[in-house]
>>> print(open('input_6.csv').read())   # CSV, C-alpha atoms
chain,number,residue,atom,x,y,z
W,1,MET,CA,-173.5,161.7,-25.9
W,2,ASN,CA,-172.2,161.3,-22.3
W,3,ARG,CA,-168.5,161.4,-21.8
W,4,ALA,CA,-166.5,159.7,-19.2
W,5,PRO,CA,-165.3,161.9,-16.3
W,6,LEU,CA,-162.0,163.7,-17.0
W,7,ALA,CA,-160.1,161.6,-14.4
W,8,GLU,CA,-161.2,158.4,-16.3
W,9,ARG,CA,-160.3,159.9,-19.7
W,10,LEU,CA,-156.8,160.9,-18.5
W,11,ARG,CA,-156.0,157.6,-16.7
W,12,PRO,CA,-152.4,156.6,-17.6
W,13,GLN,CA,-152.0,153.6,-19.9
W,14,THR,CA,-148.4,152.8,-19.3
W,15,LEU,CA,-146.0,153.1,-16.3
W,16,ASP,CA,-144.1,155.8,-18.1
W,17,GLU,CA,-147.2,158.0,-18.0
W,18,VAL,CA,-147.7,157.7,-14.2
W,19,ILE,CA,-146.8,160.8,-12.3
W,20,GLY,CA,-145.3,161.0,-8.8
W,21,GLN,CA,-144.4,157.3,-8.0
W,22,ASP,CA,-140.7,157.5,-8.5
W,23,GLU,CA,-140.1,155.1,-5.5
W,24,ILE,CA,-141.8,152.2,-7.3
W,25,ILE,CA,-141.5,153.1,-11.0
W,26,GLY,CA,-138.3,153.5,-13.0
W,27,LYS,CA,-135.1,151.7,-13.6
W,28,GLY,CA,-134.4,149.1,-10.9
W,29,LYS,CA,-137.8,149.9,-9.2
W,30,ILE,CA,-140.2,147.2,-8.2
W,31,LEU,CA,-143.1,147.7,-10.7
W,32,THR,CA,-140.8,148.3,-13.6
W,33,GLU,CA,-138.8,145.2,-12.8
W,34,ILE,CA,-141.9,143.1,-12.5
W,35,VAL,CA,-143.0,144.1,-15.9
W,36,LYS,CA,-139.6,143.7,-17.4
W,37,LYS,CA,-139.3,140.1,-16.1
W,38,ALA,CA,-142.8,139.3,-17.2
W,39,GLU,CA,-143.3,137.4,-14.0
W,40,PRO,CA,-146.6,138.4,-12.4
W,41,VAL,CA,-146.5,138.9,-8.6
W,42,ASN,CA,-149.4,139.1,-6.1
W,43,LEU,CA,-149.4,142.7,-4.9
W,44,ILE,CA,-151.1,144.8,-2.3
W,45,PHE,CA,-151.0,148.6,-3.1
W,46,TRP,CA,-151.2,150.6,0.1
W,47,GLY,CA,-151.7,154.3,-0.1
W,48,PRO,CA,-154.1,157.3,0.2
W,49,PRO,CA,-157.1,157.8,-2.2
W,50,GLY,CA,-156.5,159.2,-5.7
W,51,THR,CA,-152.9,158.1,-5.9
W,52,GLY,CA,-153.3,155.7,-8.8
W,53,LYS,CA,-153.7,152.3,-7.2
W,54,THR,CA,-156.4,151.1,-9.6
W,55,THR,CA,-154.5,152.6,-12.6
W,56,LEU,CA,-151.4,150.7,-11.7
W,57,ALA,CA,-153.3,147.5,-11.4
W,58,ARG,CA,-154.8,148.0,-14.9
W,59,ILE,CA,-151.5,148.8,-16.4
W,60,LEU,CA,-149.9,145.6,-14.9
W,61,ALA,CA,-152.8,143.5,-16.2
W,62,LYS,CA,-152.3,145.0,-19.7
W,63,GLU,CA,-148.6,144.3,-19.5
W,64,TYR,CA,-149.3,140.7,-18.5
W,65,ASN,CA,-151.8,140.3,-21.4
W,66,ALA,CA,-154.2,139.2,-18.7
W,67,ASP,CA,-157.9,139.3,-18.2
W,68,PHE,CA,-158.6,142.1,-15.8
W,69,VAL,CA,-161.4,141.5,-13.3
W,70,GLU,CA,-162.3,144.3,-10.8
W,71,LEU,CA,-164.2,143.8,-7.5
W,72,SER,CA,-165.0,146.3,-4.8
W,73,ALA,CA,-164.8,144.8,-1.4
W,74,VAL,CA,-167.6,147.1,-0.3
W,75,THR,CA,-170.2,145.7,-2.7
W,76,ALA,CA,-168.9,142.2,-3.6
W,77,HIS,CA,-170.6,139.1,-2.3
W,78,LYS,CA,-169.8,135.4,-2.2
W,79,LYS,CA,-171.4,134.8,-5.6
W,80,ASP,CA,-169.1,137.5,-7.2
W,81,VAL,CA,-166.1,135.7,-5.8
W,82,GLU,CA,-167.3,132.3,-7.1
W,83,GLU,CA,-167.9,133.8,-10.6
W,84,VAL,CA,-164.4,135.2,-10.7
W,85,VAL,CA,-163.0,131.8,-9.9
W,86,GLU,CA,-165.0,130.1,-12.6
W,87,ARG,CA,-163.9,132.8,-15.1
W,88,ALA,CA,-160.3,132.3,-14.1
W,89,LYS,CA,-160.6,128.5,-14.7
W,90,VAL,CA,-161.9,129.1,-18.2
W,91,ASN,CA,-159.0,131.6,-18.8
W,92,TRP,CA,-156.6,129.0,-17.5
W,93,ASN,CA,-157.7,126.5,-20.0
W,94,LEU,CA,-157.2,129.1,-22.7
W,95,LYS,CA,-153.7,129.9,-21.4
W,96,ILE,CA,-154.9,133.4,-20.4
W,97,ARG,CA,-153.8,134.8,-17.0
W,98,THR,CA,-156.4,136.4,-14.7
W,99,VAL,CA,-155.7,139.5,-12.7
W,100,LEU,CA,-158.2,140.0,-9.9
W,101,PHE,CA,-158.1,143.6,-8.6
W,102,VAL,CA,-159.9,144.0,-5.2
W,103,ASP,CA,-160.4,147.6,-4.3
W,104,GLU,CA,-160.5,148.3,-0.6
W,105,ILE,CA,-159.4,144.8,0.2
W,106,HIS,CA,-159.4,145.7,3.9
W,107,ARG,CA,-163.2,145.6,3.8
W,108,PHE,CA,-163.2,141.9,3.1
W,109,ASN,CA,-163.6,139.9,6.2
W,110,LYS,CA,-161.4,136.9,7.1
W,111,ALA,CA,-163.7,134.3,5.5
W,112,GLN,CA,-163.9,136.3,2.2
W,113,GLN,CA,-160.1,136.6,2.1
W,114,ASP,CA,-159.7,132.9,2.9
W,115,ALA,CA,-161.8,132.1,-0.1
W,116,PHE,CA,-159.2,133.6,-2.5
W,117,LEU,CA,-156.2,131.9,-0.8
W,118,PRO,CA,-156.1,128.5,-2.5
W,119,HIS,CA,-156.6,130.1,-5.9
W,120,VAL,CA,-153.8,132.6,-5.2
W,121,GLU,CA,-151.6,129.8,-4.0
W,122,SER,CA,-152.2,127.7,-7.2
W,123,GLY,CA,-151.6,130.7,-9.5
W,124,LEU,CA,-155.1,130.5,-10.9
W,125,ILE,CA,-155.5,134.1,-9.8
W,126,ILE,CA,-153.0,136.9,-9.7
W,127,LEU,CA,-154.2,139.1,-6.9
W,128,ILE,CA,-153.8,142.8,-6.8
W,129,GLY,CA,-155.4,144.4,-3.8
W,130,ALA,CA,-155.7,148.1,-3.0
W,131,THR,CA,-156.1,149.5,0.5
W,132,THR,CA,-155.9,152.8,2.3
W,133,GLU,CA,-155.5,151.0,5.6
W,134,ASN,CA,-152.4,149.3,7.0
W,135,PRO,CA,-152.4,145.8,5.5
W,136,SER,CA,-150.6,144.4,8.5
W,137,PHE,CA,-153.8,144.8,10.5
W,138,GLU,CA,-156.4,144.3,7.8
W,139,VAL,CA,-155.2,141.5,5.5
W,140,ILE,CA,-154.9,137.9,6.8
W,141,SER,CA,-151.4,136.7,7.3
W,142,PRO,CA,-151.5,133.8,4.8
W,143,LEU,CA,-152.6,136.2,2.0
W,144,LEU,CA,-150.1,138.8,3.2
W,145,SER,CA,-147.2,136.3,3.1
W,146,ARG,CA,-148.0,135.4,-0.5
W,147,SER,CA,-148.1,139.0,-1.6
W,148,ARG,CA,-145.8,141.9,-2.0
W,149,VAL,CA,-146.9,145.1,-0.2
W,150,VAL,CA,-146.1,148.2,-2.3
W,151,ILE,CA,-146.5,151.6,-0.8
W,152,VAL,CA,-148.1,154.0,-3.2
W,153,SER,CA,-147.2,157.5,-2.1
W,154,GLY,CA,-149.5,160.5,-1.7
W,155,LEU,CA,-149.0,163.0,-4.5
W,156,THR,CA,-147.2,166.3,-3.8
W,157,LYS,CA,-148.7,169.6,-4.9
W,158,ALA,CA,-146.1,169.7,-7.7
W,159,ASN,CA,-147.3,166.2,-8.8
W,160,ILE,CA,-150.9,167.4,-8.9
W,161,LEU,CA,-149.9,170.5,-10.9
W,162,LYS,CA,-148.3,168.3,-13.5
W,163,VAL,CA,-151.5,166.2,-13.7
W,164,LEU,CA,-153.6,169.3,-14.1
W,165,GLN,CA,-151.2,170.8,-16.8
W,166,ARG,CA,-151.3,167.5,-18.7
W,167,ALA,CA,-155.1,167.6,-18.5
W,168,VAL,CA,-155.3,171.1,-20.0
W,169,LYS,CA,-152.9,170.1,-22.8
W,170,THR,CA,-154.4,166.7,-23.6
W,171,GLU,CA,-158.0,167.9,-23.6
W,172,LYS,CA,-157.0,171.0,-25.7
W,173,VAL,CA,-158.8,173.3,-23.2
W,174,THR,CA,-159.5,176.6,-24.9
W,175,ASN,CA,-160.3,178.5,-21.7
W,176,ASP,CA,-157.7,180.8,-20.3
W,177,ILE,CA,-156.7,179.5,-16.9
W,178,ASP,CA,-155.0,181.6,-14.3
W,179,PRO,CA,-152.0,179.8,-12.8
W,180,GLU,CA,-153.3,180.9,-9.5
W,181,ALA,CA,-156.5,178.9,-10.2
W,182,LEU,CA,-154.6,175.7,-11.0
W,183,ASP,CA,-152.4,176.2,-7.9
W,184,TYR,CA,-155.5,176.5,-5.8
W,185,ILE,CA,-157.0,173.3,-7.2
W,186,ALA,CA,-153.7,171.5,-6.5
W,187,GLU,CA,-153.8,172.9,-2.9
W,188,LEU,CA,-157.3,171.8,-2.3
W,189,SER,CA,-156.7,168.3,-3.6
W,190,GLY,CA,-154.9,167.0,-0.6
W,191,GLY,CA,-152.7,164.8,-2.9
W,192,ASP,CA,-155.7,163.2,-4.6
W,193,ALA,CA,-155.3,163.4,-8.4
W,194,ARG,CA,-158.9,162.2,-9.0
W,195,SER,CA,-160.3,164.9,-6.8
W,196,ALA,CA,-158.1,167.6,-8.5
W,197,LEU,CA,-159.2,166.5,-12.0
W,198,GLY,CA,-162.9,166.5,-10.9
W,199,ASP,CA,-162.5,170.0,-9.5
W,200,LEU,CA,-160.8,171.2,-12.8
W,201,GLU,CA,-163.6,169.7,-14.8
W,202,LEU,CA,-166.3,171.4,-12.7
W,203,SER,CA,-164.5,174.7,-12.8
W,204,LEU,CA,-164.2,174.6,-16.6
W,205,SER,CA,-167.9,173.8,-16.8
W,206,LEU,CA,-168.9,176.7,-14.5
W,207,ALA,CA,-166.6,179.1,-16.4
W,208,ASN,CA,-168.5,178.3,-19.6
W,209,HIS,CA,-165.6,178.9,-22.0
W,210,GLN,CA,-164.6,182.0,-20.1
W,211,ARG,CA,-161.4,182.6,-18.1
W,212,VAL,CA,-161.0,180.2,-15.1
W,213,THR,CA,-160.0,182.2,-12.0
W,214,LYS,CA,-159.5,181.4,-8.4
W,215,ASP,CA,-162.9,182.8,-7.7
W,216,ILE,CA,-164.4,180.5,-10.2
W,217,VAL,CA,-162.7,177.5,-8.5
W,218,GLU,CA,-163.9,178.7,-5.1
W,219,THR,CA,-167.5,178.9,-6.4
W,220,ALA,CA,-167.2,175.5,-8.1
W,221,VAL,CA,-165.5,173.6,-5.4
W,222,GLY,CA,-166.4,175.4,-2.2
W,223,ARG,CA,-164.4,174.7,1.0
W,224,LYS,CA,-163.1,171.1,1.2
W,225,MET,CA,-162.6,169.2,4.4
W,226,GLN,CA,-159.4,167.2,4.3
W,227,PRO,CA,-159.8,163.5,5.1
W,228,TYR,CA,-159.3,162.6,8.8
W,229,ASP,CA,-160.4,159.2,9.9
W,230,LYS,CA,-160.2,159.3,13.7
W,231,SER,CA,-160.0,155.5,13.9
W,232,GLY,CA,-157.7,154.9,10.9
W,233,ASP,CA,-154.1,155.2,9.9
W,234,TYR,CA,-154.3,158.9,9.3
W,235,HIS,CA,-155.3,159.4,13.0
W,236,TYR,CA,-152.4,157.3,14.3
W,237,ASP,CA,-149.8,158.6,11.9
W,238,ASN,CA,-150.6,162.2,12.9
W,239,ILE,CA,-150.5,161.7,16.6
W,240,SER,CA,-147.3,159.7,16.2
W,241,ALA,CA,-145.7,162.5,14.2
W,242,PHE,CA,-146.9,165.0,16.8
W,243,ILE,CA,-145.3,163.1,19.7
W,244,LYS,CA,-142.1,162.4,17.9
W,245,SER,CA,-141.8,166.0,16.8
W,246,MET,CA,-142.1,167.1,20.5
W,247,ARG,CA,-139.6,164.4,21.4
W,248,GLY,CA,-137.2,165.7,18.8
W,249,SER,CA,-137.7,169.3,19.9
W,250,ASP,CA,-138.9,170.4,16.5
W,251,VAL,CA,-141.3,173.2,17.3
W,252,ASP,CA,-142.4,173.9,13.7
W,253,ALA,CA,-143.3,170.2,13.1
W,254,THR,CA,-145.1,170.0,16.4
W,255,LEU,CA,-147.3,172.9,15.6
W,256,TYR,CA,-147.9,171.7,12.1
W,257,TYR,CA,-149.2,168.2,13.1
W,258,LEU,CA,-151.2,169.8,16.0
W,259,ALA,CA,-152.9,172.1,13.4
W,260,ARG,CA,-153.6,169.1,11.1
W,261,MET,CA,-155.3,167.2,14.0
W,262,VAL,CA,-157.4,170.2,15.0
W,263,LEU,CA,-158.4,170.9,11.4
W,264,GLY,CA,-159.4,167.2,11.0
W,265,GLY,CA,-161.7,167.4,14.0
W,266,GLU,CA,-159.6,165.4,16.4
W,267,ASP,CA,-160.9,165.3,20.0
W,268,PRO,CA,-158.8,168.1,21.7
W,269,LYS,CA,-159.0,166.1,25.0
W,270,PHE,CA,-157.3,163.2,23.2
W,271,ILE,CA,-154.4,165.5,22.2
W,272,ALA,CA,-154.2,166.9,25.7
W,273,ARG,CA,-154.1,163.5,27.3
W,274,ARG,CA,-151.2,162.5,25.1
W,275,MET,CA,-149.4,165.7,26.2
W,276,VAL,CA,-149.9,164.7,29.8
W,277,ILE,CA,-148.4,161.3,29.1
W,278,PHE,CA,-145.5,162.9,27.2
W,279,ALA,CA,-144.8,165.4,30.0
W,280,SER,CA,-144.1,162.5,32.4
W,281,GLU,CA,-142.7,160.0,29.9
W,282,ASP,CA,-140.3,162.2,28.0
W,283,ILE,CA,-139.6,165.2,30.2
W,284,GLY,CA,-139.8,163.7,33.6
W,285,LEU,CA,-137.1,164.9,36.0
W,286,ALA,CA,-135.7,167.3,33.5
W,287,GLY,CA,-138.7,169.5,34.1
W,288,ASN,CA,-140.9,168.6,37.0
W,289,GLY,CA,-143.4,171.4,36.2
W,290,ALA,CA,-144.2,170.0,32.8
W,291,LEU,CA,-146.7,167.5,34.1
W,292,ASN,CA,-148.7,170.1,36.0
W,293,LEU,CA,-148.7,172.3,33.0
W,294,ALA,CA,-150.0,169.5,30.7
W,295,LEU,CA,-152.7,168.7,33.3
W,296,SER,CA,-153.7,172.4,33.4
W,297,ALA,CA,-154.0,172.3,29.6
W,298,PHE,CA,-156.4,169.3,29.9
W,299,GLU,CA,-158.5,171.1,32.4
W,300,ALA,CA,-158.5,174.3,30.4
W,301,ILE,CA,-159.6,172.5,27.3
W,302,GLU,CA,-162.6,171.0,29.3
W,303,ARG,CA,-163.5,174.5,30.5
W,304,VAL,CA,-162.8,176.6,27.4
W,305,GLY,CA,-163.5,174.2,24.5
W,306,MET,CA,-162.7,174.9,20.9
W,307,PRO,CA,-161.7,176.8,18.8
W,308,GLU,CA,-159.9,178.9,21.5
W,309,GLY,CA,-158.6,175.7,23.0
W,310,GLY,CA,-156.3,175.4,20.1
W,311,ILE,CA,-154.3,178.3,21.5
W,312,ILE,CA,-153.9,176.5,24.8
W,313,LEU,CA,-152.9,173.3,23.1
W,314,SER,CA,-150.3,175.1,21.0
W,315,HIS,CA,-148.9,177.0,24.0
W,316,VAL,CA,-148.3,173.9,26.0
W,317,ALA,CA,-147.1,171.8,23.0
W,318,VAL,CA,-144.4,174.5,22.4
W,319,VAL,CA,-143.3,174.4,26.1
W,320,LEU,CA,-143.1,170.6,26.0
W,321,THR,CA,-141.2,170.6,22.7
W,322,LYS,CA,-138.6,173.1,23.9
W,323,ALA,CA,-138.2,171.5,27.3
W,324,LYS,CA,-135.2,169.4,28.2
W,325,LYS,CA,-135.9,165.7,28.1
W,326,SER,CA,-135.3,162.8,30.5
W,327,ARG,CA,-136.5,159.2,30.4
W,328,GLU,CA,-135.1,158.2,33.8
W,329,THR,CA,-138.4,157.9,35.6
W,330,CYS,CA,-140.1,156.2,32.6
W,331,ASP,CA,-137.3,153.7,32.1
W,332,ALA,CA,-137.2,153.0,35.9
W,333,TRP,CA,-141.0,152.4,35.9
W,334,PHE,CA,-140.9,149.8,33.1
W,335,ARG,CA,-137.9,148.1,34.6
W,336,ALA,CA,-139.6,147.9,38.0
W,337,TYR,CA,-142.7,146.6,36.4
W,338,ASP,CA,-140.8,143.9,34.5
W,339,ILE,CA,-138.9,142.8,37.7
W,340,ALA,CA,-142.0,142.8,39.8
W,341,LYS,CA,-144.0,140.8,37.2
W,342,LYS,CA,-141.4,138.1,37.4
W,343,SER,CA,-141.2,138.0,41.3
W,344,MET,CA,-144.7,138.6,42.5
W,345,GLY,CA,-144.4,135.8,45.0
W,346,ALA,CA,-141.2,137.1,46.6
W,347,PRO,CA,-142.0,137.8,50.3
W,348,VAL,CA,-141.5,141.3,51.6
W,349,PRO,CA,-138.6,141.3,54.1
W,350,THR,CA,-139.9,140.6,57.6
W,351,TRP,CA,-138.3,143.7,59.1
W,352,LEU,CA,-140.3,145.9,56.6
W,353,ARG,CA,-143.7,144.5,57.7
W,354,ASN,CA,-145.9,145.9,60.3
W,355,ALA,CA,-145.9,144.3,63.8
W,356,PRO,CA,-149.4,145.0,65.3
W,357,THR,CA,-149.1,142.1,67.8
W,358,LYS,CA,-146.5,141.0,70.4
W,359,LEU,CA,-145.9,137.7,68.7
W,360,MET,CA,-145.1,139.4,65.4
W,361,LYS,CA,-142.6,141.6,67.2
W,362,GLU,CA,-141.0,138.6,68.7
W,363,LEU,CA,-140.7,137.0,65.3
W,364,GLY,CA,-138.8,140.0,64.0
W,365,PHE,CA,-141.6,141.9,62.2
W,366,GLY,CA,-140.7,145.6,62.0
W,367,GLU,CA,-137.4,145.0,63.7
W,368,GLY,CA,-135.2,148.1,64.0
W,369,GLN,CA,-137.8,150.5,62.6
W,370,LYS,CA,-138.4,153.9,64.2
W,371,TRP,CA,-141.3,156.3,63.5
W,372,GLU,CA,-139.0,159.1,62.4
W,373,ALA,CA,-138.9,161.2,59.2
W,374,GLY,CA,-135.9,160.2,57.1
W,375,PHE,CA,-135.2,157.1,59.2
W,376,HIS,CA,-133.1,154.6,57.2
W,377,LEU,CA,-131.6,151.2,58.0
W,378,ASP,CA,-128.4,150.2,56.3
W,379,LYS,CA,-129.8,147.1,54.5
W,380,SER,CA,-131.6,146.3,51.3
W,381,TYR,CA,-135.3,147.1,51.3
W,382,LEU,CA,-135.9,144.7,48.4
W,383,PRO,CA,-137.1,141.1,48.7
W,384,GLU,CA,-134.2,138.7,48.9
W,385,ALA,CA,-135.1,137.2,45.5
W,386,VAL,CA,-134.4,140.5,43.8
W,387,GLN,CA,-131.7,142.0,46.0
W,388,GLY,CA,-128.9,143.5,43.9
W,389,GLN,CA,-131.3,144.5,41.1
W,390,LYS,CA,-130.8,148.1,40.1
W,391,ILE,CA,-134.0,149.8,38.9
W,392,PHE,CA,-133.5,153.5,38.8
W,393,GLY,CA,-130.9,154.9,36.5
W,394,GLN,CA,-130.7,151.8,34.4
W,395,PRO,CA,-131.9,151.4,30.8
W,396,SER,CA,-135.0,149.3,30.3
W,397,ASN,CA,-135.9,146.9,27.5
W,398,TYR,CA,-139.1,148.8,26.9
W,399,ASP,CA,-139.5,149.9,23.2
W,400,HIS,CA,-140.2,153.7,23.3
W,401,ASN,CA,-140.6,153.8,19.5
W,402,LYS,CA,-144.3,154.4,19.5
>>> encode(input="input_6.csv", output="structure tokens")
Amino acid sequence: MNRAPLAERLRPQTLDEVIGQDEIIGKGKILTEIVKKAEPVNLIFWGPPGTGKTTLARILAKEYNADFVELSAVTAHKKDVEEVVERAKVNWNLKIRTVLFVDEIHRFNKAQQDAFLPHVESGLIILIGATTENPSFEVISPLLSRSRVVIVSGLTKANILKVLQRAVKTEKVTNDIDPEALDYIAELSGGDARSALGDLELSLSLANHQRVTKDIVETAVGRKMQPYDKSGDYHYDNISAFIKSMRGSDVDATLYYLARMVLGGEDPKFIARRMVIFASEDIGLAGNGALNLALSAFEAIERVGMPEGGIILSHVAVVLTKAKKSRETCDAWFRAYDIAKKSMGAPVPTWLRNAPTKLMKELGFGEGQKWEAGFHLDKSYLPEAVQGQKIFGQPSNYDHNK
């Protein structure tokens, strides 16, 4: 007789059994309060894989005494949506609530999401979506405004160890298991409990009732590549953390996020380009050599390639992180850009223009100018419409929080 996978057998049945979601479960926390008040809410769970989004949806449906319907946005079609609506109508007449769980809801296009909207608005369907992508970009605004976004955190290594230890106890595993082996499984999991339980199950099978060691785990699992979607949130979160760590002069964090990007297969030229921008934007006048150094790093990456290019990236990243910071030129640029955008039609002062003809000279073009280095006239060089505007040394309204 075939048994369900270990991860499925150990799926928590109540909120109290969930490990590692203290921000949303517990006294006064959102999910506990929703259950306590018995007032179903449309929810969108946002978090990495293997953190329990499906489990939480099932637990809530059970607490609501509702009919739980699960769809995957990857495989569902229009007919599936229509069938869910008809099923919900039957439930409504029987005074039974319907919870529709849509896994990977970000994969539904706008038309598919629109199809749910009237039924969510009417209360016919209680929608619980799950996504690994930022719902701000992937879920339509009307649906988003009628739902509560709940962040489901990635599990820590300590959380994963608790999950594994519970599995060993619950399944009454008779094998001896080295603590080092469990620790290694937790380390390989990347915060994914489902993956960790799958690795434990495979290791137990390979050990064949013998002692489970780290070597057994390595043989069973092999070397795992951590997830790194170069077009998704993980990509943007890591480059953002890298830049902010340099900005905050935290060398350890800078090197850590750099290593994560390199391990994830990020394009090293992309990283180098961001360092070139950072050198001018954040260091500027405080270290005029930083821009040349960052440009040299970009050229070196093109010539040397990887993996040795990682040494070059780390070298320059440390220099940029430790350097003094100045936003004067960056702020001045965005202020100049803003002022120029609003005054594109303002004429250049006549005396600043060239005077290639006699008539233009008679009309005052180029008046008072001399072809001398450092020559200066004691008058404003700005168009009359923007005279008095101070650009350099003034704060801009540009949002640097990016």
>>> closest_residue(input="input_6.csv", among="W:Tyr236, W:Glu367, W:Ser153, W:Gln112", to="Gly52 (chain W)", atoms="all atoms listed in the file")
W:Ser153
>>> closest_residue(input="input_6.csv", among="W:Val212, W:Val276, W:Ile311, W:Leu15", to="Val262 (chain W)", atoms="all atoms listed in the file")
W:Ile311
>>> residues_around(input="input_6.csv", residues="Lys36 (chain W)", least_positions_apart="3", cutoff="12 Å", atoms="only C-alpha atoms", output="PDB file with C-alpha atoms, in the frame of the given file")
ATOM      1  CA  LEU W  15    -146.000 153.100 -16.300  1.00  0.00           C
ATOM      2  CA  ILE W  25    -141.500 153.100 -11.000  1.00  0.00           C
ATOM      3  CA  GLY W  26    -138.300 153.500 -13.000  1.00  0.00           C
ATOM      4  CA  LYS W  27    -135.100 151.700 -13.600  1.00  0.00           C
ATOM      5  CA  GLY W  28    -134.400 149.100 -10.900  1.00  0.00           C
ATOM      6  CA  LYS W  29    -137.800 149.900  -9.200  1.00  0.00           C
ATOM      7  CA  ILE W  30    -140.200 147.200  -8.200  1.00  0.00           C
ATOM      8  CA  LEU W  31    -143.100 147.700 -10.700  1.00  0.00           C
ATOM      9  CA  THR W  32    -140.800 148.300 -13.600  1.00  0.00           C
ATOM     10  CA  GLU W  33    -138.800 145.200 -12.800  1.00  0.00           C
ATOM     11  CA  GLU W  39    -143.300 137.400 -14.000  1.00  0.00           C
ATOM     12  CA  PRO W  40    -146.600 138.400 -12.400  1.00  0.00           C
ATOM     13  CA  LEU W  60    -149.900 145.600 -14.900  1.00  0.00           C
ATOM     14  CA  GLU W  63    -148.600 144.300 -19.500  1.00  0.00           C
ATOM     15  CA  TYR W  64    -149.300 140.700 -18.500  1.00  0.00           C
TER      16      TYR W  64
END
>>> closest_residue(input="input_6.csv", among="W:Phe375, W:Phe68, W:Phe298, W:Tyr381", to="Arg353 (chain W)", atoms="all atoms listed in the file")
W:Tyr381
>>> closest_residue(input="input_6.csv", among="W:Val217, W:Leu188, W:Ile177, W:Leu43", to="Leu202 (chain W)", atoms="only C-alpha atoms")
W:Val217
>>> atom_distance(input="input_6.csv", atom1="CA of Glu384 (chain W)", atom2="CA of Gly366 (chain W)")
16.2 Å
>>> atom_distance(input="input_6.csv", atom1="CA of Lys342 (chain W)", atom2="CA of Asp378 (chain W)")
25.9 Å
>>> atom_distance(input="input_6.csv", atom1="CA of Pro5 (chain W)", atom2="CA of Leu197 (chain W)")
8.8 Å
>>> closest_residue(input="input_6.csv", among="W:Ile105, W:Met360, W:Leu285, W:Leu56", to="Ala76 (chain W)", atoms="only C-alpha atoms")
W:Ile105
>>> residues_around(input="input_6.csv", residues="Gly129 (chain W)", least_positions_apart="2", cutoff="8 Å", atoms="all atoms listed in the file", output="ChimeraX atom specification")
/W:43-45,101-105,127,131
>>> write_last_selection(input="input_6.csv", atoms="C-alpha atoms", output="PDB file, keeping the file's coordinate frame")
ATOM      1  CA  LEU W  43    -149.400 142.700  -4.900  1.00  0.00           C
ATOM      2  CA  ILE W  44    -151.100 144.800  -2.300  1.00  0.00           C
ATOM      3  CA  PHE W  45    -151.000 148.600  -3.100  1.00  0.00           C
ATOM      4  CA  PHE W 101    -158.100 143.600  -8.600  1.00  0.00           C
ATOM      5  CA  VAL W 102    -159.900 144.000  -5.200  1.00  0.00           C
ATOM      6  CA  ASP W 103    -160.400 147.600  -4.300  1.00  0.00           C
ATOM      7  CA  GLU W 104    -160.500 148.300  -0.600  1.00  0.00           C
ATOM      8  CA  ILE W 105    -159.400 144.800   0.200  1.00  0.00           C
ATOM      9  CA  LEU W 127    -154.200 139.100  -6.900  1.00  0.00           C
ATOM     10  CA  THR W 131    -156.100 149.500   0.500  1.00  0.00           C
TER      11      THR W 131
END
>>> residues_near_point(input="input_6.csv", point="(-163.0, 141.5, 8.8)", cutoff="12 Å", atoms="only C-alpha atoms", output="ChimeraX atom specification")
/W:73-74,104-114,135,137-140
>>> residues_around(input="input_6.csv", residues="Ala279 (chain W)", least_positions_apart="4", cutoff="12 Å", atoms="only C-alpha atoms", output="number ranges by chain")
W: 243, 246-247, 272-275, 283-297, 316-327, 329-330
>>> write_last_selection(input="input_6.csv", atoms="C-alpha atoms", output="mmCIF file, in the frame of the given file")
data_model
loop_
_atom_site.group_PDB
_atom_site.id
_atom_site.type_symbol
_atom_site.label_atom_id
_atom_site.label_comp_id
_atom_site.auth_asym_id
_atom_site.auth_seq_id
_atom_site.Cartn_x
_atom_site.Cartn_y
_atom_site.Cartn_z
ATOM 1 C CA ILE W 243 -145.300 163.100 19.700
ATOM 2 C CA MET W 246 -142.100 167.100 20.500
ATOM 3 C CA ARG W 247 -139.600 164.400 21.400
ATOM 4 C CA ALA W 272 -154.200 166.900 25.700
ATOM 5 C CA ARG W 273 -154.100 163.500 27.300
ATOM 6 C CA ARG W 274 -151.200 162.500 25.100
ATOM 7 C CA MET W 275 -149.400 165.700 26.200
ATOM 8 C CA ILE W 283 -139.600 165.200 30.200
ATOM 9 C CA GLY W 284 -139.800 163.700 33.600
ATOM 10 C CA LEU W 285 -137.100 164.900 36.000
ATOM 11 C CA ALA W 286 -135.700 167.300 33.500
ATOM 12 C CA GLY W 287 -138.700 169.500 34.100
ATOM 13 C CA ASN W 288 -140.900 168.600 37.000
ATOM 14 C CA GLY W 289 -143.400 171.400 36.200
ATOM 15 C CA ALA W 290 -144.200 170.000 32.800
ATOM 16 C CA LEU W 291 -146.700 167.500 34.100
ATOM 17 C CA ASN W 292 -148.700 170.100 36.000
ATOM 18 C CA LEU W 293 -148.700 172.300 33.000
ATOM 19 C CA ALA W 294 -150.000 169.500 30.700
ATOM 20 C CA LEU W 295 -152.700 168.700 33.300
ATOM 21 C CA SER W 296 -153.700 172.400 33.400
ATOM 22 C CA ALA W 297 -154.000 172.300 29.600
ATOM 23 C CA VAL W 316 -148.300 173.900 26.000
ATOM 24 C CA ALA W 317 -147.100 171.800 23.000
ATOM 25 C CA VAL W 318 -144.400 174.500 22.400
ATOM 26 C CA VAL W 319 -143.300 174.400 26.100
ATOM 27 C CA LEU W 320 -143.100 170.600 26.000
ATOM 28 C CA THR W 321 -141.200 170.600 22.700
ATOM 29 C CA LYS W 322 -138.600 173.100 23.900
ATOM 30 C CA ALA W 323 -138.200 171.500 27.300
ATOM 31 C CA LYS W 324 -135.200 169.400 28.200
ATOM 32 C CA LYS W 325 -135.900 165.700 28.100
ATOM 33 C CA SER W 326 -135.300 162.800 30.500
ATOM 34 C CA ARG W 327 -136.500 159.200 30.400
ATOM 35 C CA THR W 329 -138.400 157.900 35.600
ATOM 36 C CA CYS W 330 -140.100 156.200 32.600
#
